[in-house]
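Chemist: Input structure: target_12.cif, which contains mmCIF, C-alpha atoms.
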```
data_run
loop_
_atom_site.label_atom_id
_atom_site.label_comp_id
_atom_site.auth_asym_id
_atom_site.auth_seq_id
_atom_site.Cartn_x
_atom_site.Cartn_y
_atom_site.Cartn_z
CA MET A 1 60.13 -9.16 56.35
CA SER A 2 61.97 -8.93 59.62
CA ILE A 3 63.74 -11.48 61.76
CA GLN A 4 61.17 -12.77 64.23
CA PRO A 5 61.97 -16.35 65.26
CA ALA A 6 64.17 -16.88 68.29
CA GLU A 7 66.74 -18.78 66.18
CA THR A 8 67.69 -17.52 62.75
CA TRP A 9 70.29 -18.84 60.35
CA LEU A 10 72.02 -15.83 58.85
CA ASP A 11 71.98 -17.12 55.30
CA ALA A 12 70.58 -16.14 51.90
CA ARG A 13 67.05 -17.19 52.96
CA CYS A 14 66.96 -14.80 55.91
CA GLU A 15 65.85 -11.25 55.10
CA VAL A 16 66.29 -8.04 57.08
CA SER A 17 65.24 -4.47 56.38
CA PHE A 18 67.70 -1.61 56.12
CA GLU A 19 66.70 -0.30 59.55
CA GLU A 20 67.05 -3.73 61.08
CA LEU A 21 70.47 -4.19 59.50
CA ALA A 22 71.55 -0.93 61.11
CA ARG A 23 70.24 -2.08 64.48
CA LEU A 24 71.76 -5.56 64.31
CA SER A 25 75.15 -4.32 63.14
CA GLY A 26 75.31 -1.20 65.30
CA LEU A 27 76.38 0.84 62.24
CA PRO A 28 74.78 4.25 61.65
CA GLU A 29 72.47 4.30 58.62
CA THR A 30 74.75 6.81 56.83
CA ASP A 31 77.66 4.37 57.11
CA LEU A 32 75.50 1.52 55.85
CA ARG A 33 74.41 3.59 52.85
CA GLU A 34 78.07 4.26 52.03
CA LEU A 35 78.89 0.56 52.24
CA VAL A 36 76.05 -0.12 49.80
CA GLU A 37 77.35 2.61 47.48
CA TYR A 38 80.83 1.06 47.56
CA GLY A 39 79.33 -2.36 46.80
CA ALA A 40 80.42 -3.96 50.08
CA LEU A 41 76.79 -4.68 50.98
CA ALA A 42 74.25 -5.52 48.31
CA PRO A 43 70.48 -5.26 48.84
CA ASN A 44 68.50 -8.10 47.29
CA GLU A 45 66.71 -5.58 45.02
CA PRO A 46 68.97 -2.51 44.74
CA ARG A 47 66.36 -0.52 42.80
CA SER A 48 63.61 -1.12 45.29
CA GLU A 49 62.53 1.81 47.45
CA ARG A 50 62.76 -0.33 50.56
CA TRP A 51 66.03 -2.19 50.71
CA VAL A 52 66.00 -5.77 51.96
CA PHE A 53 69.23 -7.59 52.77
CA SER A 54 70.13 -11.24 53.18
CA GLY A 55 71.29 -12.66 56.52
CA GLU A 56 74.81 -12.84 55.03
CA CYS A 57 74.80 -9.02 54.99
CA VAL A 58 74.17 -9.05 58.76
CA VAL A 59 77.40 -11.03 59.19
CA ALA A 60 79.29 -8.66 56.86
CA ALA A 61 77.86 -5.51 58.45
CA ARG A 62 78.75 -6.70 61.96
CA ALA A 63 82.30 -7.43 60.78
CA ALA A 64 82.35 -3.93 59.22
CA LYS A 65 81.41 -2.42 62.58
CA ARG A 66 84.21 -4.30 64.37
CA LEU A 67 86.79 -3.44 61.70
CA ARG A 68 85.76 0.22 61.66
CA GLU A 69 86.12 0.45 65.43
CA SER A 70 89.39 -1.46 65.56
CA PHE A 71 91.20 0.15 62.64
CA ASP A 72 89.43 3.49 62.26
CA LEU A 73 88.77 2.75 58.56
CA ASP A 74 86.81 4.98 56.19
CA SER A 75 84.08 3.40 54.10
CA GLY A 76 86.31 2.94 51.05
CA ALA A 77 89.00 1.08 52.96
CA LEU A 78 86.33 -0.84 54.86
CA SER A 79 84.70 -1.97 51.60
CA LEU A 80 88.07 -3.10 50.28
CA ALA A 81 88.74 -5.09 53.46
CA LEU A 82 85.27 -6.66 53.38
CA GLY A 83 85.78 -7.60 49.72
CA PHE A 84 89.05 -9.35 50.55
CA LEU A 85 87.51 -11.10 53.55
CA GLU A 86 84.68 -12.37 51.35
CA ARG A 87 87.18 -13.65 48.79
CA ILE A 88 89.12 -15.42 51.52
CA ARG A 89 85.89 -16.93 52.86
CA ALA A 90 84.91 -18.19 49.39
CA LEU A 91 88.40 -19.61 48.76
CA GLU A 92 88.42 -21.33 52.16
CA GLU A 93 85.03 -22.85 51.40
CA GLU A 94 86.34 -24.11 48.06
CA LEU A 95 89.44 -25.51 49.74
CA ARG A 96 87.30 -27.21 52.38
CA SER A 97 85.12 -28.72 49.67
CA LEU A 98 88.12 -29.99 47.67
CA ARG A 99 89.74 -31.42 50.81
CA ALA A 100 86.48 -33.19 51.68
CA GLN A 101 86.59 -34.91 48.29
CA LEU A 102 90.21 -35.96 48.69
CA PRO A 103 90.41 -39.58 49.84
CA ARG A 104 92.39 -40.26 52.99
CA ALA A 105 95.32 -42.64 52.79
CA PHE A 106 94.56 -46.08 54.15
CA MET B 1 92.93 -5.97 91.44
CA LYS B 2 95.46 -7.71 89.21
CA TYR B 3 97.94 -5.55 87.36
CA LYS B 4 98.26 -5.65 83.57
CA ASP B 5 101.21 -4.04 81.85
CA TYR B 6 99.50 -2.30 78.94
CA TYR B 7 102.81 -1.01 77.58
CA ALA B 8 104.31 -4.49 77.49
CA ILE B 9 101.17 -5.88 75.84
CA LEU B 10 101.59 -3.39 73.00
CA GLY B 11 105.37 -3.82 73.02
CA VAL B 12 106.14 -0.13 73.52
CA GLU B 13 108.20 1.90 76.01
CA ARG B 14 106.34 3.67 78.81
CA SER B 15 107.56 6.93 77.30
CA ALA B 16 106.13 6.10 73.84
CA ASP B 17 104.21 8.90 72.13
CA ALA B 18 100.61 8.55 70.93
CA ASP B 19 101.65 7.84 67.33
CA THR B 20 104.00 5.01 68.35
CA ILE B 21 101.26 3.48 70.51
CA LYS B 22 98.78 3.68 67.62
CA LYS B 23 101.20 2.04 65.19
CA ALA B 24 102.02 -0.75 67.64
CA TYR B 25 98.31 -1.39 68.23
CA ARG B 26 97.50 -1.48 64.52
CA LYS B 27 100.34 -3.85 63.76
CA LEU B 28 99.19 -6.27 66.46
CA ALA B 29 95.51 -5.81 65.58
CA GLN B 30 96.23 -6.80 61.96
CA LYS B 31 97.80 -9.97 63.28
CA TYR B 32 95.18 -10.93 65.87
CA HIS B 33 91.88 -9.26 64.96
CA PRO B 34 89.26 -12.03 65.01
CA ASP B 35 87.90 -11.00 61.60
CA VAL B 36 91.36 -11.26 60.05
CA SER B 37 93.41 -13.73 62.08
CA LYS B 38 93.32 -17.52 61.87
CA ASP B 39 95.23 -17.84 65.13
CA PRO B 40 93.03 -19.89 67.50
CA GLN B 41 94.25 -17.71 70.37
CA GLY B 42 93.79 -14.57 68.24
CA GLU B 43 90.52 -13.46 69.79
CA GLU B 44 91.88 -13.57 73.33
CA LYS B 45 95.09 -11.82 72.29
CA PHE B 46 93.13 -9.17 70.44
CA LYS B 47 90.95 -8.47 73.48
CA GLU B 48 94.10 -7.86 75.50
CA ILE B 49 95.58 -5.60 72.82
CA ALA B 50 92.32 -3.64 72.36
CA GLU B 51 92.00 -3.23 76.13
CA ALA B 52 95.55 -1.88 76.40
CA TYR B 53 95.03 0.50 73.48
CA ALA B 54 91.65 1.75 74.75
CA THR B 55 93.40 2.99 77.89
CA LEU B 56 96.69 4.22 76.43
CA LYS B 57 95.17 6.15 73.50
CA ASP B 58 93.10 8.29 75.87
CA ARG B 59 95.32 10.93 77.45
CA GLU B 60 93.28 11.11 80.65
CA LYS B 61 93.05 7.34 81.09
CA ARG B 62 96.73 6.92 80.31
CA ALA B 63 97.68 9.47 82.96
CA ALA B 64 95.48 7.67 85.48
CA TYR B 65 96.97 4.31 84.47
CA ASP B 66 100.53 5.63 84.83
CA GLN B 67 99.70 6.82 88.33
CA LEU B 68 98.90 3.25 89.32
CA GLY B 69 102.66 2.68 89.29
CA ARG B 70 104.63 -0.25 87.94
CA HIS B 71 103.87 -3.76 89.06
CA ALA B 72 104.55 -7.22 87.77
CA PRO B 73 101.84 -8.50 85.38
CA GLY B 74 99.27 -10.46 87.42
CA GLU B 75 100.39 -8.92 90.71
CA ASP B 76 97.62 -7.94 93.14
CA PHE B 77 97.77 -4.23 93.82
CA ARG B 78 95.75 -1.32 95.15
CA PRO B 79 95.77 2.15 93.59
CA PRO B 80 97.46 4.93 95.61
CA PRO B 81 95.18 6.35 98.36
CA ASP B 82 94.40 9.61 96.56
CA TRP B 83 94.03 8.03 93.14
CA GLY B 84 90.21 7.95 93.13
CA THR B 85 89.90 11.59 94.13
CA ARG B 86 92.49 12.79 91.64
CA PHE B 87 90.98 11.01 88.65
CA GLY B 88 87.33 11.25 89.49
CA GLY B 89 86.79 7.59 90.20
CA ASP B 90 84.28 6.72 92.88
CA PHE B 91 84.98 3.08 93.56
CA GLY B 92 85.07 3.02 97.33
CA ASN B 93 86.46 -0.33 98.43
CA ALA B 94 85.40 -2.01 95.22
CA PHE B 95 88.91 -2.72 93.94
CA GLU B 96 88.95 -6.32 95.07
CA ASP B 97 88.01 -8.74 92.26
CA LEU B 98 87.63 -5.86 89.83
CA ASP B 99 89.30 -6.37 86.47
CA LEU B 100 91.56 -3.58 85.27
CA SER B 101 89.75 -3.45 81.92
CA ASP B 102 86.35 -3.03 83.60
CA PHE B 103 87.92 -0.42 85.82
CA PHE B 104 88.99 1.74 82.89
CA GLU B 105 85.86 1.05 80.87
CA GLN B 106 83.87 2.82 83.55
CA PHE B 107 86.64 5.27 84.28
CA ALA B 108 85.44 8.30 86.23
CA GLY B 109 82.12 6.56 86.78
CA ARG B 110 81.07 6.88 83.13
CA GLY B 111 79.81 3.32 82.85
CA ALA B 112 78.18 3.44 86.24
CA ARG B 113 76.37 6.67 85.45
CA GLY B 114 74.97 5.19 82.25
CA ARG B 115 73.69 2.25 84.19
CA ARG B 116 72.23 4.20 87.06
CA GLY B 117 70.43 6.72 84.84
CA GLY B 118 66.94 6.17 83.49
CA THR B 119 67.91 5.79 79.83
CA ALA B 120 67.11 2.44 78.24
CA VAL B 121 70.33 0.54 77.59
CA PRO B 122 70.19 -2.42 75.17
CA GLY B 123 71.89 -5.60 76.33
CA GLN B 124 75.25 -6.50 74.87
CA ASP B 125 75.45 -8.88 71.89
CA TYR B 126 77.67 -11.90 72.44
CA GLU B 127 79.46 -13.67 69.60
CA VAL B 128 81.09 -17.05 70.13
CA THR B 129 82.28 -20.02 68.11
CA ALA B 130 80.38 -23.23 68.84
CA HIS B 131 82.37 -26.36 68.03
CA ILE B 132 79.92 -29.15 67.30
CA GLY B 133 80.12 -32.68 65.97
CA LEU B 134 78.51 -33.87 62.74
CA GLU B 135 75.94 -35.80 64.75
CA ASP B 136 74.94 -32.52 66.47
CA ALA B 137 74.54 -30.84 63.07
CA TYR B 138 72.47 -33.80 61.89
CA ARG B 139 70.09 -33.96 64.84
CA GLY B 140 70.32 -30.49 66.35
CA ALA B 141 71.97 -30.01 69.72
CA THR B 142 72.10 -28.00 72.89
CA VAL B 143 75.61 -26.73 73.54
CA ASP B 144 77.20 -25.42 76.73
CA LEU B 145 78.95 -22.11 76.27
CA GLU B 146 81.32 -20.27 78.58
CA LEU B 147 81.47 -16.50 78.37
CA GLY B 148 82.87 -13.64 80.40
CA VAL B 149 79.90 -11.30 80.70
CA PRO B 150 79.65 -7.87 82.29
CA GLU B 151 77.50 -7.62 85.38
CA PHE B 152 76.70 -4.70 87.63
CA ASP B 153 76.97 -4.84 91.41
CA GLU B 154 74.80 -2.99 93.91
CA ASN B 155 76.97 0.13 93.48
CA GLY B 156 76.40 0.13 89.73
CA LEU B 157 79.97 -0.99 89.11
CA MET B 158 80.63 -3.35 86.25
CA ARG B 159 82.49 -6.60 86.77
CA ARG B 160 83.11 -9.27 84.19
CA ALA B 161 81.93 -12.62 85.49
CA PRO B 162 82.30 -16.06 83.91
CA ARG B 163 78.89 -17.40 82.98
CA SER B 164 77.99 -20.70 81.42
CA PHE B 165 74.73 -21.11 79.60
CA LYS B 166 73.08 -23.39 77.11
CA ALA B 167 72.19 -22.57 73.52
CA ARG B 168 70.05 -24.66 71.21
CA ILE B 169 71.39 -25.21 67.72
CA PRO B 170 68.63 -26.46 65.44
CA LYS B 171 69.50 -29.11 62.85
CA GLY B 172 70.79 -27.74 59.60
CA ALA B 173 74.13 -26.40 60.73
CA THR B 174 77.28 -26.70 58.71
CA ASP B 175 80.79 -25.32 58.91
CA GLY B 176 81.05 -21.53 58.84
CA GLN B 177 77.31 -20.92 59.27
CA ARG B 178 76.09 -18.19 61.60
CA LEU B 179 73.12 -18.48 63.90
CA ARG B 180 71.44 -15.58 65.64
CA LEU B 181 69.69 -16.38 68.91
CA ARG B 182 67.45 -13.43 69.62
CA GLY B 183 67.43 -12.08 73.16
CA GLN B 184 70.00 -14.56 74.45
CA GLY B 185 72.79 -12.00 74.84
CA GLY B 186 73.30 -9.60 77.74
CA LYS B 187 70.33 -8.27 79.69
CA GLY B 188 69.08 -4.82 78.74
CA ALA B 189 68.73 -2.15 81.44
CA ASN B 190 65.98 0.37 82.17
CA GLY B 191 63.63 -1.26 79.69
CA GLY B 192 66.24 -1.68 76.94
CA PRO B 193 65.99 -4.89 74.87
CA ASP B 194 68.16 -7.89 75.69
CA GLY B 195 71.12 -8.44 73.39
CA ASP B 196 71.48 -11.32 70.93
CA LEU B 197 73.78 -14.30 70.89
CA TYR B 198 75.60 -14.94 67.61
CA LEU B 199 77.04 -18.40 67.11
CA ASN B 200 79.73 -19.16 64.54
CA ILE B 201 79.41 -22.85 63.79
CA ALA B 202 82.61 -24.87 63.48
CA LEU B 203 82.29 -28.57 62.73
CA ARG B 204 84.67 -30.91 64.50
CA ALA B 205 86.50 -33.44 62.32
CA HIS B 206 84.73 -36.81 62.10
CA PRO B 207 86.62 -40.10 61.80
CA LEU B 208 84.56 -41.23 58.78
CA PHE B 209 82.75 -38.30 57.15
CA ARG B 210 84.04 -35.06 55.68
CA ALA B 211 81.59 -32.19 55.16
CA SER B 212 81.39 -29.77 52.28
CA GLY B 213 78.42 -27.50 52.84
CA HIS B 214 75.62 -29.94 53.54
CA ASP B 215 77.17 -32.75 51.45
CA LEU B 216 79.21 -35.45 53.12
CA TYR B 217 82.06 -37.52 51.73
CA LEU B 218 83.06 -40.99 52.88
CA ASP B 219 85.90 -43.20 51.66
CA LEU B 220 84.50 -46.56 50.55
CA PRO B 221 87.17 -49.29 50.42
CA LEU B 222 86.30 -52.07 47.95
CA ALA B 223 87.94 -55.43 47.38
CA PRO B 224 89.22 -55.79 43.78
CA TRP B 225 86.53 -58.38 42.98
CA GLU B 226 83.78 -56.10 44.38
CA ALA B 227 84.97 -53.29 42.11
CA VAL B 228 85.12 -55.60 39.06
CA LEU B 229 81.99 -57.65 39.62
CA GLY B 230 79.85 -55.10 41.43
CA ALA B 231 78.41 -55.65 44.89
CA THR B 232 75.89 -54.47 47.40
CA VAL B 233 77.72 -53.18 50.46
CA GLU B 234 76.71 -51.73 53.81
CA VAL B 235 77.59 -48.08 54.19
CA PRO B 236 77.38 -46.02 57.42
CA THR B 237 75.42 -42.76 57.31
CA LEU B 238 74.61 -40.34 60.12
CA GLY B 239 71.09 -41.77 60.14
CA GLY B 240 72.18 -45.43 60.30
CA THR B 241 73.55 -48.07 57.95
CA VAL B 242 72.21 -48.31 54.39
CA GLN B 243 72.77 -50.69 51.49
CA LEU B 244 74.69 -49.25 48.53
CA LYS B 245 74.81 -50.90 45.12
CA VAL B 246 78.31 -50.72 43.67
CA PRO B 247 78.11 -51.09 39.87
CA PRO B 248 80.47 -53.51 38.06
CA GLY B 249 83.67 -51.87 36.84
CA THR B 250 83.75 -49.24 39.62
CA GLN B 251 87.00 -47.25 39.55
CA THR B 252 89.04 -45.81 42.42
CA GLY B 253 87.95 -42.22 43.02
CA GLN B 254 84.50 -42.80 41.53
CA LYS B 255 81.81 -41.07 43.60
CA LEU B 256 78.71 -43.07 44.39
CA ARG B 257 75.89 -40.75 45.46
CA LEU B 258 73.43 -41.46 48.22
CA ALA B 259 70.84 -38.74 47.68
CA GLY B 260 69.56 -36.94 50.76
CA ARG B 261 71.90 -38.80 53.16
CA GLY B 262 74.06 -35.76 53.93
CA LEU B 263 73.39 -33.06 56.51
CA PRO B 264 69.86 -31.66 56.75
CA ARG B 265 69.43 -28.15 55.35
CA PRO B 266 67.95 -25.49 57.65
CA HIS B 267 64.93 -24.86 55.43
CA GLY B 268 64.14 -28.45 54.47
CA GLY B 269 65.77 -31.17 52.39
CA ALA B 270 69.27 -32.48 52.93
CA GLY B 271 72.62 -32.66 51.23
CA ASP B 272 73.93 -35.86 49.64
CA LEU B 273 76.40 -38.43 50.87
CA TYR B 274 79.13 -39.36 48.40
CA ALA B 275 80.96 -42.64 48.89
CA ILE B 276 84.34 -42.38 47.17
CA ALA B 277 85.37 -45.81 45.91
CA GLN B 278 88.87 -46.92 46.90
CA VAL B 279 89.98 -50.27 45.51
CA ALA B 280 91.96 -51.81 48.34
CA VAL B 281 94.28 -54.79 48.13
CA PRO B 282 95.26 -57.12 50.95
CA ARG B 283 98.74 -56.56 52.39
CA THR B 284 99.22 -60.31 52.71
CA ALA B 285 97.58 -63.18 50.84
CA SER B 286 97.30 -66.90 51.41
CA GLU B 287 98.91 -69.41 49.03
CA ARG B 288 95.52 -70.20 47.56
CA GLU B 289 94.76 -66.50 46.98
CA ILE B 290 98.17 -65.96 45.39
CA ALA B 291 97.53 -68.90 43.08
CA LEU B 292 94.18 -67.41 42.06
CA TYR B 293 95.76 -63.98 41.43
CA ARG B 294 98.46 -65.64 39.29
CA GLU B 295 95.81 -67.45 37.30
CA LEU B 296 93.99 -64.15 36.84
CA ALA B 297 97.19 -62.37 35.81
CA GLU B 298 97.93 -64.99 33.16
CA GLY B 299 94.42 -64.95 31.74
CA ALA B 300 93.57 -61.24 31.98
CA SER B 301 93.76 -58.89 29.00
CA PHE B 302 93.48 -55.76 31.14
CA ASN B 303 96.43 -53.34 30.91
CA PRO B 304 95.99 -50.43 33.35
CA ARG B 305 98.96 -48.60 31.74
CA GLY B 306 97.87 -48.96 28.14
CA HIS B 307 97.53 -45.20 27.77
CA PHE B 308 101.27 -44.75 28.55
CA VAL B 309 102.17 -46.29 25.22
CA GLN B 310 99.52 -44.34 23.33
CA GLU B 311 100.43 -41.00 24.86
CA THR B 312 104.19 -41.55 24.47
CA THR B 313 103.62 -42.34 20.76
CA ASP B 314 101.46 -39.20 20.32
CA GLU B 315 104.11 -37.08 22.05
CA HIS B 316 106.85 -38.35 19.67
CA SER B 317 104.72 -37.83 16.59
CA THR B 318 104.03 -34.15 17.42
CA ARG B 319 107.75 -33.25 17.75
#
```
Can you present the structure in this file as structure tokens?
Modeler:
Amino acid sequence: MSIQPAETWLDARCEVSFEELARLSGLPETDLRELVEYGALAPNEPRSERWVFSGECVVAARAAKRLRESFDLDSGALSLALGFLERIRALEEELRSLRAQLPRAF
Amino acid sequence: MKYKDYYAILGVERSADADTIKKAYRKLAQKYHPDVSKDPQGEEKFKEIAEAYATLKDREKRAAYDQLGRHAPGEDFRPPPDWGTRFGGDFGNAFEDLDLSDFFEQFAGRGARGRRGGTAVPGQDYEVTAHIGLEDAYRGATVDLELGVPEFDENGLMRRAPRSFKARIPKGATDGQRLRLRGQGGKGANGGPDGDLYLNIALRAHPLFRASGHDLYLDLPLAPWEAVLGATVEVPTLGGTVQLKVPPGTQTGQKLRLAGRGLPRPHGGAGDLYAIAQVAVPRTASEREIALYRELAEGASFNPRGHFVQETTDEHSTR
């Protein structure tokens, strides 16, 4: 399934093909394959012949493109950086959630 | 054209070698890269750093830049008369209003040639952070965005021009979500597709509600008697006021859930609203109220610190 609507939330419900991920991120398909091999990008069904990715992978792949261009990183270093960025994002989300539950002082 | 001191931006001497320039760029990029930095000014600073590096890392561009001479940052200047001929630029009298970065991006007419040729060129993608209120996330909103976008003049020369446009954010947004608006980026050329607009959603702080994903949290102050006896109280939600039943014996910190009263989810349904009970006491009390509290204190069996004794005893017995 490809992105068709004019507005698309790039979340787990959104699905893009491998070719579309390459187009949206601007990364060559060989680079994308390497990022999948390193585990930085995970297809929904890795064993499927036709890879499908979540919208979250579009966000990660676009960040990968920017980081590769800015820092001249190889795929291994890029995967490591993306892994750390994802951990930071998850920790920030947890922090935000805990702060939201913290009562304010009256 | 306004002068930018690319060497000063990277913090290096004008005589710096390529390796020193690269190191200085990387150090600054680690600090300000928008995917890494939390500095609110990071994106702008990074653009400046990347622009400086893009010119200074390229031997030919650097030589051309050096030939522009030294000027104060922001100073209006014109390149030396023979500059265009020496470095292959064909800009005619187009220096006025041209940004130095655009100038070097299409150095030696590279950008202009790409534009003038018949090859399809896809439009540029734009990526911006949209700061919206909780009410916007609840109802959906149209936001005004300001962007510096590249445009081409009649000579095929690129200039960055400030453009404001509107983008519709459907309901269902929450903090950190990304929205792709297809075809709302830069215009494609020679039959190339238009670019996309990517919005990073950032929720503004709300005076009452705090968001966690699509759930909302609200502090609910309760009078001591409401917490003890239970009560039905009015609670604000983003969709209007609702009645909430507070059960007897409600404790401070207890979360009372209002199902489906949080932010709507993009694909249907909604998060919950949690009212966090806070037993509040009056800072001052009338004589009558004080008398009633005294009467309560004398007659009450409740000891909120009873567990102190128990846990101190347990601690001693395990030593």
Chemist: Restricting the calculation to all atoms listed in the file, which member of A:Arg96, A:Lys65, A:Arg87, A:Arg47 is positioned closest to Ala22 in chain A?
Modeler: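 Nearest candidate to Ala22 in chain A out of A:Arg96, A:Lys65, A:Arg87, A:Arg47: A:Lys65.
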Chemist: Can you write out as CSV which residues of chain B fall within 7 Å of chain A, alongside each residue's closest atom pair and its distance in Å to one decimal, counting only C-alpha atoms and ordering rows by chain and ascending residue number?
Modeler:
```
residue,atom,partner,partner_atom,distance
B:Arg26,CA,A:Phe71,CA,6.8
B:Asp35,CA,A:Ala63,CA,6.7
B:Arg178,CA,A:Leu10,CA,5.4
B:Leu179,CA,A:Trp9,CA,4.6
B:Arg180,CA,A:Thr8,CA,5.1
B:Leu181,CA,A:Glu7,CA,4.7
B:Arg182,CA,A:Ala6,CA,4.9
B:Arg210,CA,A:Ala100,CA,5.0
B:Ala211,CA,A:Ala100,CA,6.1
B:Ser212,CA,A:Ser97,CA,4.7
B:Tyr217,CA,A:Ala100,CA,6.2
B:Asp219,CA,A:Pro103,CA,6.1
```
Chemist: Ile49 in chain B: which residues within 7 Å, counting only C-alpha atoms, same-chain residues fewer than 3 positions away excluded, as a list in words?
Modeler: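 Using only C-alpha atoms, the neighbours found are Ile9, Leu10, Tyr25, Lys45, Phe46, Ala52 and Tyr53 of chain B.
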Chemist: Quick one: residues within 9 Å of Thr250 in chain B, only C-alpha atoms, excluding same-chain residues fewer than 5 positions away - as a PDB file with C-alpha atoms, in the frame of the given file?
Modeler:
```
ATOM      1  CA  GLU B 226      83.780 -56.100  44.380  1.00  0.00           C
ATOM      2  CA  ALA B 227      84.970 -53.290  42.110  1.00  0.00           C
ATOM      3  CA  VAL B 228      85.120 -55.600  39.060  1.00  0.00           C
ATOM      4  CA  LEU B 229      81.990 -57.650  39.620  1.00  0.00           C
ATOM      5  CA  GLY B 230      79.850 -55.100  41.430  1.00  0.00           C
ATOM      6  CA  ALA B 277      85.370 -45.810  45.910  1.00  0.00           C
ATOM      7  CA  VAL B 279      89.980 -50.270  45.510  1.00  0.00           C
TER       8      VAL B 279
END
```
Chemist: Do you know which residues the PyMOL selection byres ((chain B and resi 161) around 9) returns on this file, as a list of chain:residue names?
Modeler: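 Selection result, ordered by chain and number: B:Leu147, B:Gly148, B:Val149, B:Pro150, B:Glu151, B:Arg159, B:Arg160, B:Pro162, B:Arg163.
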Chemist: Which residues, written as a PDB file with C-alpha atoms, keeping the file's coordinate frame, have at least one atom at most 9 Å from Ala259 in chain B, with only C-alpha atoms counted and residues fewer than 6 positions away on the same chain left out?
Modeler:
```pdb
ATOM      1  CA  ALA B 270      69.270 -32.480  52.930  1.00  0.00           C
ATOM      2  CA  GLY B 271      72.620 -32.660  51.230  1.00  0.00           C
ATOM      3  CA  ASP B 272      73.930 -35.860  49.640  1.00  0.00           C
ATOM      4  CA  LEU B 273      76.400 -38.430  50.870  1.00  0.00           C
ATOM      5  CA  TYR B 274      79.130 -39.360  48.400  1.00  0.00           C
TER       6      TYR B 274
END
```
Chemist: Which residue gives the smallest distance to Pro46 in chain A among A:Thr30, A:Phe18, A:Ser75, A:Ala60, with all atoms listed in the file counted?
Modeler: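 Closest to Pro46 in chain A of all the choices is A:Phe18.
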Chemist: Mind pulling up the distance from CA of Lys38 in chain B to CA of Asp102 in chain B?
Modeler: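 Interatomic distance, CA of Asp102 in chain B to CA of Lys38 in chain B: 27.0 Å.
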Chemist: Quote the spacing between CA of Asp215 in chain B and CA of Leu263 in chain B in Å to one decimal place.
Modeler: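 Interatomic distance, CA of Asp215 in chain B to CA of Leu263 in chain B: 6.3 Å.
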Chemist: Complete the atom set of range 167-176 of chain B to N, CA, C and O atoms and return it as a compact mmCIF listing (two decimals), in the coordinates of the input.
Modeler:
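Written file, part_4.txt:
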```txt
# COMPACT_ATOMS: atom_id res chain seq x y z
N ALA B 167 72.79 -23.12 74.73
CA ALA B 167 72.19 -22.57 73.52
C ALA B 167 71.75 -23.72 72.63
O ALA B 167 72.48 -24.70 72.48
N ARG B 168 70.56 -23.59 72.07
CA ARG B 168 70.05 -24.66 71.21
C ARG B 168 70.43 -24.36 69.75
O ARG B 168 70.17 -23.27 69.24
N ILE B 169 71.05 -25.34 69.14
CA ILE B 169 71.39 -25.21 67.72
C ILE B 169 70.45 -26.14 66.96
O ILE B 169 70.53 -27.36 67.10
N PRO B 170 69.55 -25.59 66.16
CA PRO B 170 68.63 -26.46 65.44
C PRO B 170 69.38 -27.25 64.36
O PRO B 170 70.48 -26.85 63.97
N LYS B 171 68.81 -28.35 63.90
CA LYS B 171 69.50 -29.11 62.85
C LYS B 171 69.59 -28.26 61.59
O LYS B 171 68.75 -27.39 61.37
N GLY B 172 70.60 -28.53 60.81
CA GLY B 172 70.79 -27.74 59.60
C GLY B 172 72.10 -26.97 59.59
O GLY B 172 72.40 -26.26 58.65
N ALA B 173 72.86 -27.14 60.65
CA ALA B 173 74.13 -26.40 60.73
C ALA B 173 75.18 -27.02 59.81
O ALA B 173 75.14 -28.21 59.53
N THR B 174 76.07 -26.19 59.34
CA THR B 174 77.28 -26.70 58.71
C THR B 174 78.41 -25.73 59.00
O THR B 174 78.20 -24.66 59.58
N ASP B 175 79.61 -26.11 58.57
CA ASP B 175 80.79 -25.32 58.91
C ASP B 175 80.68 -23.88 58.41
O ASP B 175 80.30 -23.66 57.26
N GLY B 176 81.00 -22.93 59.26
CA GLY B 176 81.05 -21.53 58.84
C GLY B 176 79.70 -20.83 58.88
O GLY B 176 79.62 -19.64 58.61
```
